[in-house]
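Below is the file query.cif, which contains mmCIF, C-alpha atoms.
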data_target
#
loop_
_atom_site.label_atom_id
_atom_site.label_comp_id
_atom_site.auth_asym_id
_atom_site.auth_seq_id
_atom_site.Cartn_x
_atom_site.Cartn_y
_atom_site.Cartn_z
CA MET A 1 17.85 8.67 -36.47
CA GLY A 2 19.41 5.27 -35.88
CA VAL A 3 18.25 2.01 -37.43
CA ALA A 4 18.15 -1.21 -35.41
CA SER A 5 20.09 -4.10 -36.91
CA GLN A 6 18.41 -7.42 -37.64
CA THR A 7 20.47 -8.95 -34.84
CA ALA A 8 19.17 -6.38 -32.36
CA ILE A 9 15.58 -6.88 -33.55
CA ALA A 10 15.93 -10.65 -33.20
CA THR A 11 17.32 -10.22 -29.67
CA PHE A 12 14.37 -8.05 -28.63
CA ASN A 13 11.88 -10.47 -30.20
CA ARG A 14 13.32 -13.32 -28.14
CA LEU A 15 12.30 -11.40 -25.03
CA ARG A 16 8.64 -11.52 -26.05
CA ARG A 17 7.53 -14.27 -23.73
CA PRO A 18 4.98 -14.70 -20.95
CA LEU A 19 6.41 -13.84 -17.54
CA PRO A 20 5.27 -16.14 -14.72
CA ALA A 21 3.81 -14.89 -11.47
CA ILE A 22 6.05 -15.35 -8.42
CA ASP A 23 4.28 -16.01 -5.12
CA GLY A 24 1.10 -14.70 -6.69
CA ILE A 25 2.72 -11.43 -7.81
CA VAL A 26 2.49 -10.83 -11.55
CA PRO A 27 5.07 -8.65 -13.34
CA THR A 28 4.10 -4.99 -13.57
CA GLU A 29 3.39 -3.65 -17.06
CA LEU A 30 4.49 -0.16 -18.09
CA PHE A 31 2.38 2.39 -19.97
CA PRO A 32 3.35 5.85 -21.24
CA LEU A 33 0.17 7.63 -20.08
CA ARG A 34 -1.46 7.74 -16.66
CA ASN A 35 -4.99 7.29 -18.00
CA GLU A 36 -3.87 4.02 -19.61
CA VAL A 37 -2.52 2.88 -16.25
CA VAL A 38 -5.75 3.81 -14.46
CA ASN A 39 -7.92 1.98 -17.01
CA ALA A 40 -5.75 -1.15 -17.02
CA ASN A 41 -5.63 -1.33 -13.21
CA LYS A 42 -9.39 -0.85 -13.03
CA MET A 43 -9.95 -3.75 -15.41
CA ARG A 44 -7.81 -5.98 -13.22
CA LEU A 45 -9.68 -4.95 -10.07
CA ASN A 46 -13.08 -5.42 -11.71
CA ALA A 47 -12.09 -8.99 -12.55
CA LEU A 48 -11.72 -9.79 -8.85
CA LYS A 49 -14.98 -10.91 -7.19
CA THR A 50 -13.71 -10.41 -3.65
CA GLU A 51 -14.31 -8.13 -0.68
CA GLN A 52 -13.67 -4.48 -1.44
CA GLN A 53 -12.84 -1.36 0.56
CA ILE A 54 -12.79 2.22 -0.70
CA TYR A 55 -10.69 4.74 1.21
CA GLU A 56 -11.44 8.44 0.84
CA SER A 57 -8.51 10.77 1.46
CA ARG A 58 -8.54 13.59 4.02
CA ASP A 59 -7.25 16.71 2.31
CA THR A 60 -6.20 20.01 3.85
CA GLY A 61 -3.72 22.81 3.21
CA THR A 62 -3.28 26.57 3.16
CA ALA A 63 -3.25 26.97 -0.63
CA THR A 64 -6.29 28.22 -2.48
CA GLU A 65 -8.79 25.53 -3.34
CA GLU A 66 -7.81 25.59 -7.02
CA ARG A 67 -4.07 25.39 -6.36
CA ARG A 68 -4.46 22.75 -3.68
CA ALA A 69 -6.54 20.62 -6.04
CA ALA A 70 -3.84 20.88 -8.71
CA ILE A 71 -1.13 19.81 -6.24
CA LEU A 72 -3.14 16.93 -4.82
CA LYS A 73 -3.99 15.68 -8.31
CA ASN A 74 -0.31 14.91 -8.90
CA MET A 75 0.20 13.04 -5.64
CA VAL A 76 0.76 9.32 -5.83
CA ALA A 77 -1.71 8.93 -2.95
CA GLN A 78 -5.15 8.75 -4.56
CA ARG A 79 -8.22 10.74 -3.54
CA ALA A 80 -10.37 7.61 -3.63
CA LEU A 81 -8.44 4.36 -3.24
CA GLU A 82 -10.20 1.14 -4.19
CA ILE A 83 -8.65 -2.11 -2.94
CA LYS A 84 -9.88 -5.70 -3.03
CA VAL A 85 -8.83 -8.93 -1.38
CA ASP A 86 -6.23 -10.74 -3.57
CA ALA A 87 -5.42 -7.48 -5.35
CA GLN A 88 -1.79 -6.65 -6.06
CA VAL A 89 -0.72 -3.42 -4.35
CA MET A 90 2.40 -1.29 -4.04
CA LEU A 91 3.59 0.53 -0.95
CA ILE A 92 3.95 4.28 -1.56
CA LYS A 93 5.88 5.21 1.57
CA ASN A 94 9.31 4.23 2.90
CA VAL A 95 9.14 2.36 6.22
CA ASP A 96 12.71 1.07 6.53
CA GLU A 97 15.49 -0.28 4.33
CA ASN A 98 13.53 -3.47 3.58
CA LEU A 99 9.95 -2.22 3.32
CA VAL A 100 10.19 0.69 0.91
CA ASN A 101 8.26 2.81 -1.53
CA GLY A 102 7.71 0.42 -4.43
CA SER A 103 7.45 -2.80 -2.42
CA VAL A 104 4.77 -5.01 -3.99
CA GLY A 105 2.43 -7.37 -2.18
CA ARG A 106 -0.95 -9.07 -2.18
CA VAL A 107 -3.98 -8.13 -0.07
CA LEU A 108 -5.04 -10.89 2.33
CA GLY A 109 -8.01 -9.12 3.90
CA PHE A 110 -9.17 -6.06 5.82
CA TYR A 111 -8.90 -5.64 9.58
CA MET A 112 -9.17 -3.04 12.29
CA ILE A 113 -6.02 -2.01 14.12
CA SER A 114 -7.40 -3.62 17.30
CA GLU A 115 -7.76 -6.98 15.53
CA VAL A 116 -4.09 -7.63 14.75
CA CYS A 117 -0.71 -7.44 16.36
CA GLY A 118 2.74 -8.04 14.94
CA SER A 119 6.10 -9.01 16.35
CA GLY A 120 7.58 -6.01 14.59
CA GLY A 121 5.51 -3.61 16.68
CA GLU A 122 3.39 -0.66 15.63
CA ILE A 123 4.99 2.13 13.63
CA SER A 124 2.89 5.23 14.10
CA SER A 125 2.89 8.29 11.89
CA LYS A 126 2.31 11.94 12.55
CA GLY A 127 -0.56 12.18 10.11
CA GLY A 128 -2.27 8.82 10.38
CA ASN A 129 -2.19 5.29 11.78
CA GLY A 130 1.12 4.03 10.42
CA PHE A 131 1.86 0.32 10.07
CA ILE A 132 1.70 -2.86 12.12
CA ARG A 133 4.69 -5.00 11.12
CA LYS A 134 5.24 -8.76 10.92
CA VAL A 135 1.66 -9.78 11.55
CA LEU A 136 1.39 -13.49 12.33
CA LEU A 137 -1.05 -15.63 10.34
CA LYS A 138 -3.02 -18.77 11.07
CA ASP A 139 -2.46 -21.97 9.10
CA ASP A 140 -4.73 -20.74 6.29
CA GLY A 141 -2.07 -18.15 5.43
CA LYS A 142 -4.57 -15.29 5.44
CA THR A 143 -6.15 -14.82 8.85
CA PRO A 144 -4.12 -12.90 11.46
CA VAL A 145 -3.59 -14.28 14.93
CA ARG A 146 -2.84 -12.44 18.14
CA ARG A 147 0.77 -12.93 19.02
CA LYS A 148 1.47 -14.69 22.30
CA VAL A 149 4.13 -12.81 24.20
CA ALA A 150 5.25 -12.75 27.69
CA GLU A 151 7.51 -11.28 30.14
CA ARG A 152 5.58 -10.46 33.20
CA GLU A 153 7.54 -10.49 36.43
CA ASN A 154 10.04 -12.92 34.84
CA GLU A 155 7.32 -15.47 34.10
CA ASP A 156 6.13 -16.60 30.68
CA VAL A 157 2.43 -16.04 30.22
CA ASP A 158 0.18 -15.98 27.20
CA VAL A 159 -1.18 -12.53 26.57
CA ASP A 160 -3.27 -11.22 23.71
CA VAL A 161 -1.42 -8.08 22.72
CA LYS A 162 -2.94 -5.51 20.42
CA PRO A 163 -2.51 -1.78 19.80
CA LYS A 164 -4.94 0.39 21.70
CA PRO A 165 -7.35 2.08 19.29
CA LYS A 166 -7.80 5.79 19.55
CA SER A 167 -11.00 6.51 21.41
CA ASN A 168 -13.80 8.25 19.53
CA SER A 169 -11.80 8.20 16.29
CA GLN A 170 -12.51 6.84 12.86
CA GLU A 171 -9.33 4.77 13.08
CA SER A 172 -10.80 2.67 15.91
CA THR A 173 -13.36 1.07 13.57
CA GLU A 174 -11.88 1.58 10.11
CA LYS A 175 -10.55 -1.57 8.45
CA PHE A 176 -7.21 -1.45 6.67
CA PRO A 177 -5.59 -3.77 4.12
CA LEU A 178 -3.49 -6.63 5.47
CA VAL A 179 -0.77 -7.11 2.85
CA GLU A 180 1.82 -9.82 2.34
CA PHE A 181 4.87 -8.06 0.88
CA ARG A 182 7.95 -9.51 -0.75
CA THR A 183 11.09 -7.92 0.69
CA PRO A 184 14.86 -8.58 0.41
CA LEU A 185 14.55 -10.54 3.67
CA GLY A 186 11.58 -12.60 2.50
CA LYS A 187 7.85 -12.23 2.99
CA GLU A 188 6.39 -9.88 5.58
CA VAL A 189 2.74 -9.35 6.45
CA VAL A 190 1.84 -5.75 7.29
CA LEU A 191 -1.35 -3.95 8.22
CA VAL A 192 -1.08 -0.80 6.09
CA GLY A 193 -2.72 2.25 7.64
CA ARG A 194 -2.92 5.92 6.72
CA ASP A 195 -0.05 8.38 6.56
CA GLU A 196 0.37 11.93 5.37
CA PHE A 197 1.66 13.20 2.03
CA LYS A 198 2.31 16.92 1.89
CA VAL A 199 3.84 19.81 -0.03
CA GLU A 200 5.43 22.64 1.94
CA GLU A 201 6.68 26.13 1.22
CA ASN A 202 10.25 27.13 2.13
CA ASP A 203 9.03 28.50 5.45
CA GLY A 204 7.40 25.19 6.36
CA THR A 205 3.84 26.22 5.54
CA VAL A 206 1.86 23.20 4.35
CA THR A 207 0.21 24.21 1.10
CA ALA A 208 -1.40 20.83 0.45
CA ARG A 209 -1.73 17.75 2.65
CA ARG A 210 -3.37 14.41 2.02
CA VAL A 211 -3.86 11.62 4.55
CA GLN A 212 -4.47 8.31 2.83
CA VAL A 213 -3.73 4.59 3.06
CA CYS A 214 -0.10 4.11 1.98
CA ALA A 215 -0.75 1.76 -0.93
CA THR A 216 -2.04 1.74 -4.46
CA SER A 217 -3.23 -0.98 -6.84
CA VAL A 218 -0.35 -1.86 -9.12
CA TYR A 219 -0.66 -4.18 -12.07
CA GLU A 220 0.47 -1.45 -14.42
CA CYS A 221 2.64 1.65 -13.87
CA GLU A 222 3.36 4.86 -15.71
CA ILE A 223 6.77 5.11 -17.37
CA ALA A 224 9.13 7.64 -15.74
CA GLU A 225 6.52 8.35 -13.09
CA LYS A 226 7.63 10.98 -10.59
CA ARG A 227 5.10 12.34 -8.14
CA VAL A 228 4.92 13.48 -4.53
#
Here is a file; write its structure as structure tokens.
Amino acid sequence: MGVASQTAIATFNRLRRPLPAIDGIVPTELFPLRNEVVNANKMRLNALKTEQQIYESRDTGTATEERRAAILKNMVAQRALEIKVDAQVMLIKNVDENLVNGSVGRVLGFYMISEVCGSGGEISSKGGNGFIRKVLLKDDGKTPVRRKVAERENEDVDVDVKPKPKSNSQESTEKFPLVEFRTPLGKEVVLVGRDEFKVEENDGTVTARRVQVCATSVYECEIAEKRV
């Protein structure tokens, strides 16, 4: 077993300093155990006295109920996801090279798909709603506006453009978190919908599948975390 020198100890001690929040995003703390992460994140959420949404996952799969439950328990997508306005969240799905699994942002509010539109278009997913990219905001920096676009018979006109909600579906009325993410290209506001997370056999059979909002509260994380 090695012994740290006094110089090394002094160097580590100099790193013990408060880390400032950047654009409202506080540094993520690391814990060795998942239950410590869950408890710490819950304390942070409870401290927020803002609007809240709870998203229940939609779980299916061909595995036995016991095996499916064991698989789903280890998924990064939670069975019941609690999110609040002003909460810090992390994306848990890759979208492109800039908006990736691990991107951190702040929740601005909750909106239906029909209430927002972004210049980046709508990215749909096979198992859920997908994402609406580059949502424009009003001067308050929180409320989305409908983007004015135009190209109709070579004339510029103002048109309220919004994705068409699926008729007779839960997605048409369900509100999703509007998140301002920090990316390598700067800030981007995204309406984060549901997507699928699944485990398959070699023959393609889906043993366990969860459809859930592609984000999780993240003030603390588990060290060496590796989940589906």
One decimal place gives the CA of Lys84 in chain A-CA of Glu97 in chain A separation as 27.0 Å
- Quick one: which residues end up in the PyMOL selection byres ((chain A and resi 63-66) around 10) for this structure, as JSON, numbers by chain? {"A": [60, 61, 62, 67, 68, 69, 70, 71, 205, 206, 207, 208, 209]}
**Asked** By how many Å are CA of Ser119 in chain A and CA of Met90 in chain A apart?
**Response**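 Separation of CA of Ser119 in chain A and CA of Met90 in chain A: 22.1 Å.
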**Prompt:** Hey, what's within 8 Å of range 9-25 of chain A if we count all atoms listed in the file and toss same-chain stuff fewer than 6 positions away? As a ChimeraX atom specification, please?
**Reply:** /A:88,104-106
task = Tell me which protein, DNA and RNA residues are within 9 Å of Glu82 in chain A, counting only C-alpha atoms, leaving out same-chain ones fewer than 4 positions away, and put them as number ranges by chain.
result = A: 45, 52-56, 216-217
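Atom pair CA of Ser103 in chain A / CA of Glu200 in chain A: separated by 25.9 Å.
Ranking A:Val145, A:Leu99, A:Met112, A:Ile132 by their shortest atom-to-atom distance to Phe181 in chain A, with only C-alpha atoms included, puts A:Leu99 first.
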Box along x, y and z, 3 Å on every side, all listed atoms of range 93-111 of chain A inside: centre and edge lengths in Å to one decimal, as AutoDock Vina command-line options.
--center_x 3.2 --center_y -2.8 --center_z 2.6 --size_x 30.7 --size_y 22.1 --size_z 20.0
Please evaluate the PyMOL selection byres ((chain A and resi 214) around 8) against the structure above and give the resulting residues as an NGL selection string. :A and (77 or 91-93 or 192-195 or 212-213 or 215-216)
Note to self: My list of candidates is A:Asn98, A:Ser114, A:Thr143, A:Asn202. Which is closest to Thr173 in chain A when distances are computed with all atoms listed in the file?
What the structure shows: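 Of A:Asn98, A:Ser114, A:Thr143, A:Asn202, the one nearest Thr173 in chain A, counting all atoms listed in the file, is A:Ser114.
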Checklist entry - Looking at all atoms listed in the file, which of A:Gly109, A:Gly130, A:Pro184, A:Pro27 is the one that sits closest to Glu51 in chain A? => result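 When distances to Glu51 in chain A are compared using all atoms listed in the file, the smallest one comes from A:Gly109.
Minimum distance to Val26 in chain A across A:Leu72, A:Leu81, A:Val218, A:Val107 (counting only C-alpha atoms) occurs at A:Val218.
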At the level of N, CA, C and O atoms, write range 5-20 of chain A to a file as a tab-separated table (two decimals), in the first residue's frame, please.
chain	number	residue	atom	x	y	z
A	5	SER	N	2.69	11.50	-0.05
A	5	SER	CA	3.67	12.43	0.52
A	5	SER	C	2.96	13.68	1.03
A	5	SER	O	1.82	13.97	0.65
A	6	GLN	N	3.64	14.43	1.88
A	6	GLN	CA	3.05	15.67	2.41
A	6	GLN	C	2.80	16.68	1.28
A	6	GLN	O	1.84	17.44	1.33
A	7	THR	N	3.67	16.63	0.26
A	7	THR	CA	3.48	17.53	-0.88
A	7	THR	C	2.19	17.18	-1.63
A	7	THR	O	1.42	18.06	-2.01
A	8	ALA	N	1.97	15.88	-1.83
A	8	ALA	CA	0.75	15.44	-2.52
A	8	ALA	C	-0.48	15.80	-1.70
A	8	ALA	O	-1.49	16.27	-2.25
A	9	ILE	N	-0.41	15.59	-0.39
A	9	ILE	CA	-1.55	15.91	0.48
A	9	ILE	C	-1.85	17.40	0.43
A	9	ILE	O	-3.01	17.83	0.35
A	10	ALA	N	-0.79	18.21	0.46
A	10	ALA	CA	-0.99	19.66	0.41
A	10	ALA	C	-1.61	20.09	-0.92
A	10	ALA	O	-2.46	20.98	-0.98
A	11	THR	N	-1.20	19.42	-2.01
A	11	THR	CA	-1.76	19.73	-3.33
A	11	THR	C	-3.24	19.42	-3.38
A	11	THR	O	-4.05	20.22	-3.87
A	12	PHE	N	-3.63	18.25	-2.86
A	12	PHE	CA	-5.05	17.88	-2.83
A	12	PHE	C	-5.85	18.84	-1.95
A	12	PHE	O	-6.98	19.23	-2.28
A	13	ASN	N	-5.28	19.24	-0.81
A	13	ASN	CA	-6.00	20.13	0.10
A	13	ASN	C	-6.26	21.49	-0.54
A	13	ASN	O	-7.26	22.15	-0.24
A	14	ARG	N	-5.34	21.92	-1.42
A	14	ARG	CA	-5.54	23.21	-2.09
A	14	ARG	C	-6.73	23.18	-3.04
A	14	ARG	O	-7.27	24.23	-3.42
A	15	LEU	N	-7.14	21.98	-3.43
A	15	LEU	CA	-8.29	21.84	-4.33
A	15	LEU	C	-9.62	21.89	-3.59
A	15	LEU	O	-10.68	21.89	-4.22
A	16	ARG	N	-9.57	21.92	-2.27
A	16	ARG	CA	-10.80	21.96	-1.48
A	16	ARG	C	-11.28	23.41	-1.43
A	16	ARG	O	-10.92	24.19	-0.55
A	17	ARG	N	-12.11	23.74	-2.40
A	17	ARG	CA	-12.62	25.09	-2.51
A	17	ARG	C	-14.03	25.05	-3.09
A	17	ARG	O	-14.37	24.11	-3.82
A	18	PRO	N	-14.85	26.02	-2.79
A	18	PRO	CA	-16.19	26.07	-3.39
A	18	PRO	C	-16.08	26.28	-4.90
A	18	PRO	O	-15.27	27.08	-5.37
A	19	LEU	N	-16.89	25.54	-5.65
A	19	LEU	CA	-16.91	25.69	-7.10
A	19	LEU	C	-18.14	26.50	-7.50
A	19	LEU	O	-19.26	26.14	-7.14
A	20	PRO	N	-17.95	27.58	-8.23
A	20	PRO	CA	-19.09	28.45	-8.57
A	20	PRO	C	-19.99	27.81	-9.62
A	20	PRO	O	-19.55	27.00	-10.43
